[in-house]
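Colleague: I am attaching a structure below and will ask some questions about it afterwards.
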Amino acid sequence: IRATMFAAPTNIEGEAAMLTTADKRVAFRKLHESGCFIIPNPFDVGSAKALQHLGFKALASTSAGFAWIIGKADNRVTVDDVCDHLAAICAAVDIPVNADFEDGFAHEPDKVGANVARAVKTGVAGLSIEDFTGDSAKPLFDRALAVDRIKAARQAIDSDSSGVLLTG
């Protein structure tokens with residue numbers, strides 16, 4: 001029997017009980033506090049379950065992988081597509097999931113915040129926002145706007161005390 005840092009609790013019948021979203025978020029914070037760890041990228045529910053079965057302690061979604069399995073190019077999926085995808089993966093596994101949330105699906109800070117609030121509701125334990133504009137002539141957001149976008153994401157996460165980790 002292999003001992004794990006975050007063993008799944010069992011119910012009264014001795015069967016594994018599903019961890020709550022709060023449990024997964026606490027586990028994700030503990031993983032970060034303990035140092036480096038490997039976090040693979042499932043592209044669907046089946047690959048997420050397989051990676052959990054292999055013993056990984058957390059997962060991170062893949063924007064490109066998800067886009068490709070639904071027949072779209074990377075950065076061409078909608079926030080609705082991604083939130084549905086994240087909710088499905090989070091519900092399917094008992095380990096934390098970090099969301100590759102691209103550019104927050106908006107350029108304006110208030111819209112990034114609204115979209116991040118939606119992502120938090122999917123059950124993710126962490127969320128990453130990129131500073132890529134999608135414009136090859138000017139690939140990165142101006143520093144002030146990039147900071148405001150991350151502040152809006154942080155405010156959306158903190159507004160419900162979810163404990164979701166944010167990477168910008």
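Starting from 1 in every chain, residues are counted up; chains themselves are A, B, ... following the order of the structure tokens, and ligands are numbered from 1 as listed.
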Apply DSSP to the structure's backbone, then extract all residues of chain A labelled strand (DSSP E) and return them as a ChimeraX atom specification.

Modeller: /A:59-60,97-100,126-128,165-167

Colleague: Output as a Markdown table one row per residue of segment 53-107 of chain A within 12 Å of segment 33-38 of chain A: the closest atom pair and its distance in Å to one decimal place, counting only C-alpha atoms, sorted by chain and residue number ascending.

Modeller:
| residue | atom | partner | partner_atom | distance |
| --- | --- | --- | --- | --- |
| A:Gly55 | CA | A:Ile38 | CA | 10.5 |
| A:Phe56 | CA | A:Ile38 | CA | 7.3 |
| A:Lys57 | CA | A:Ile38 | CA | 8.0 |
| A:Ala58 | CA | A:Ile38 | CA | 7.9 |
| A:Leu59 | CA | A:Ile38 | CA | 8.6 |
| A:Ala60 | CA | A:Ile38 | CA | 9.9 |

Colleague: Taking the backbone alone, and naming residues the way the document does, which bits of segment 32-151 of chain A are alpha helix (DSSP H) by DSSP, as a PyMOL selection string?

Modeller: chain A and resi 32-33+45-53+63-69+79-92+109-120+143-151

Colleague: With 12 Å as the cut-off and only C-alpha atoms counted, what is the closest atom pair between each nearby residue of segment 52-119 of chain A and segment 157-163 of chain A? Distances in Å to one decimal, ordered by chain and number, as CSV.

Modeller:
residue,atom,partner,partner_atom,distance
A:Val112,CA,A:Ile157,CA,11.2
A:Gly113,CA,A:Ile157,CA,8.3
A:Ala114,CA,A:Ile157,CA,9.9
A:Asn115,CA,A:Ile157,CA,10.5
A:Val116,CA,A:Ile157,CA,7.1
A:Ala117,CA,A:Ile157,CA,6.3
A:Arg118,CA,A:Ile157,CA,9.7
A:Ala119,CA,A:Ile157,CA,9.3

Colleague: Write out the residues from the selection above, keeping N, CA, C and O atoms, as a PDB file, in the first residue's frame.

Modeller:
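Saved to result-v7.pdb:
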ATOM      1  N   VAL A 112     -12.262  40.441 -16.958  1.00  0.00           N
ATOM      2  CA  VAL A 112     -11.391  39.364 -16.468  1.00  0.00           C
ATOM      3  C   VAL A 112     -11.890  38.926 -15.086  1.00  0.00           C
ATOM      4  O   VAL A 112     -12.038  37.733 -14.820  1.00  0.00           O
ATOM      5  N   GLY A 113     -12.186  39.882 -14.222  1.00  0.00           N
ATOM      6  CA  GLY A 113     -12.687  39.561 -12.885  1.00  0.00           C
ATOM      7  C   GLY A 113     -13.974  38.760 -12.932  1.00  0.00           C
ATOM      8  O   GLY A 113     -14.139  37.776 -12.197  1.00  0.00           O
ATOM      9  N   ALA A 114     -14.901  39.158 -13.793  1.00  0.00           N
ATOM     10  CA  ALA A 114     -16.171  38.429 -13.912  1.00  0.00           C
ATOM     11  C   ALA A 114     -15.942  37.003 -14.397  1.00  0.00           C
ATOM     12  O   ALA A 114     -16.566  36.057 -13.891  1.00  0.00           O
ATOM     13  N   ASN A 115     -15.045  36.832 -15.348  1.00  0.00           N
ATOM     14  CA  ASN A 115     -14.760  35.493 -15.860  1.00  0.00           C
ATOM     15  C   ASN A 115     -14.038  34.636 -14.833  1.00  0.00           C
ATOM     16  O   ASN A 115     -14.302  33.434 -14.712  1.00  0.00           O
ATOM     17  N   VAL A 116     -13.139  35.232 -14.082  1.00  0.00           N
ATOM     18  CA  VAL A 116     -12.456  34.493 -13.022  1.00  0.00           C
ATOM     19  C   VAL A 116     -13.457  34.043 -11.962  1.00  0.00           C
ATOM     20  O   VAL A 116     -13.394  32.909 -11.476  1.00  0.00           O
ATOM     21  N   ALA A 117     -14.400  34.883 -11.615  1.00  0.00           N
ATOM     22  CA  ALA A 117     -15.437  34.496 -10.649  1.00  0.00           C
ATOM     23  C   ALA A 117     -16.189  33.266 -11.154  1.00  0.00           C
ATOM     24  O   ALA A 117     -16.508  32.360 -10.373  1.00  0.00           O
ATOM     25  N   ARG A 118     -16.459  33.218 -12.432  1.00  0.00           N
ATOM     26  CA  ARG A 118     -17.112  32.039 -13.024  1.00  0.00           C
ATOM     27  C   ARG A 118     -16.228  30.808 -12.903  1.00  0.00           C
ATOM     28  O   ARG A 118     -16.702  29.716 -12.578  1.00  0.00           O
ATOM     29  N   ALA A 119     -14.941  30.976 -13.166  1.00  0.00           N
ATOM     30  CA  ALA A 119     -14.014  29.840 -13.095  1.00  0.00           C
ATOM     31  C   ALA A 119     -13.912  29.298 -11.673  1.00  0.00           C
ATOM     32  O   ALA A 119     -13.845  28.086 -11.473  1.00  0.00           O
TER      33      ALA A 119
END

Colleague: Find the distance between atom CA of Val77 of chain A and atom CA of Asn98 of chain A and write it in Å to one decimal.

Modeller: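 If I compute the distance from atom CA of Val77 of chain A to atom CA of Asn98 of chain A, I get 17.6 Å.
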
Colleague: Show which residues sit within 12 Å of Gly168 of chain A, as a PyMOL selection string. Count only C-alpha atoms, and ignore same-chain residues fewer than 4 positions away.

Modeller: chain A and resi 99-104+126-132+146-154

Colleague: Quick one: distance from atom CA of Leu31 of chain A to atom CA of Phe105 of chain A in Å, one decimal?

Modeller: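 Result for atom CA of Leu31 of chain A versus atom CA of Phe105 of chain A: 27.5 Å, one decimal.
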
Colleague: Taking only C-alpha atoms into account, name the residue in A:Glu108, A:Asp74, A:Asp44, A:Asp142 that is nearest to Cys90 of chain A.

Modeller: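 Nearest candidate to Cys90 of chain A out of A:Glu108, A:Asp74, A:Asp44, A:Asp142: A:Asp44.
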
Colleague: Report as a list in words all protein, DNA and RNA residues lying within 10 Å of Ala92 of chain A, evaluated on only C-alpha atoms, omitting residues in the same chain fewer than 6 positions from it.

Modeller: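 After dropping sequence-adjacent residues, the list is Met18, Asp44, Val45, Gly46, Ala48, Lys49, Gln52 and Leu86 of chain A.
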
Colleague: Using only C-alpha atoms for the distances, tell me which of A:Leu140, A:Ala64, A:Ala50, A:Leu166 is nearest to Val120 of chain A.

Modeller: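 Looking at the shortest contact to Val120 of chain A, the residue is A:Leu166.
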
Colleague: So, counting only C-alpha atoms, which residue among A:Pro109, A:Ile39, A:His53, A:Ser63 is closest to Ala156 of chain A?

Modeller: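 The shortest atom-to-atom distance to Ala156 of chain A comes from A:Pro109.
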
Colleague: Report the distance between atom CA of Thr122 of chain A and atom CA of Gly71 of chain A in Å, rounded to one decimal place.

Modeller: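 Those two atoms sit 22.5 Å apart.
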
Colleague: Looking at only C-alpha atoms, which of A:Ala137, A:Thr78, A:Ser61, A:Trp68 is the one that sits closest to Ser47 of chain A?

Modeller: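 Smallest distance to Ser47 of chain A is found for A:Ser61.
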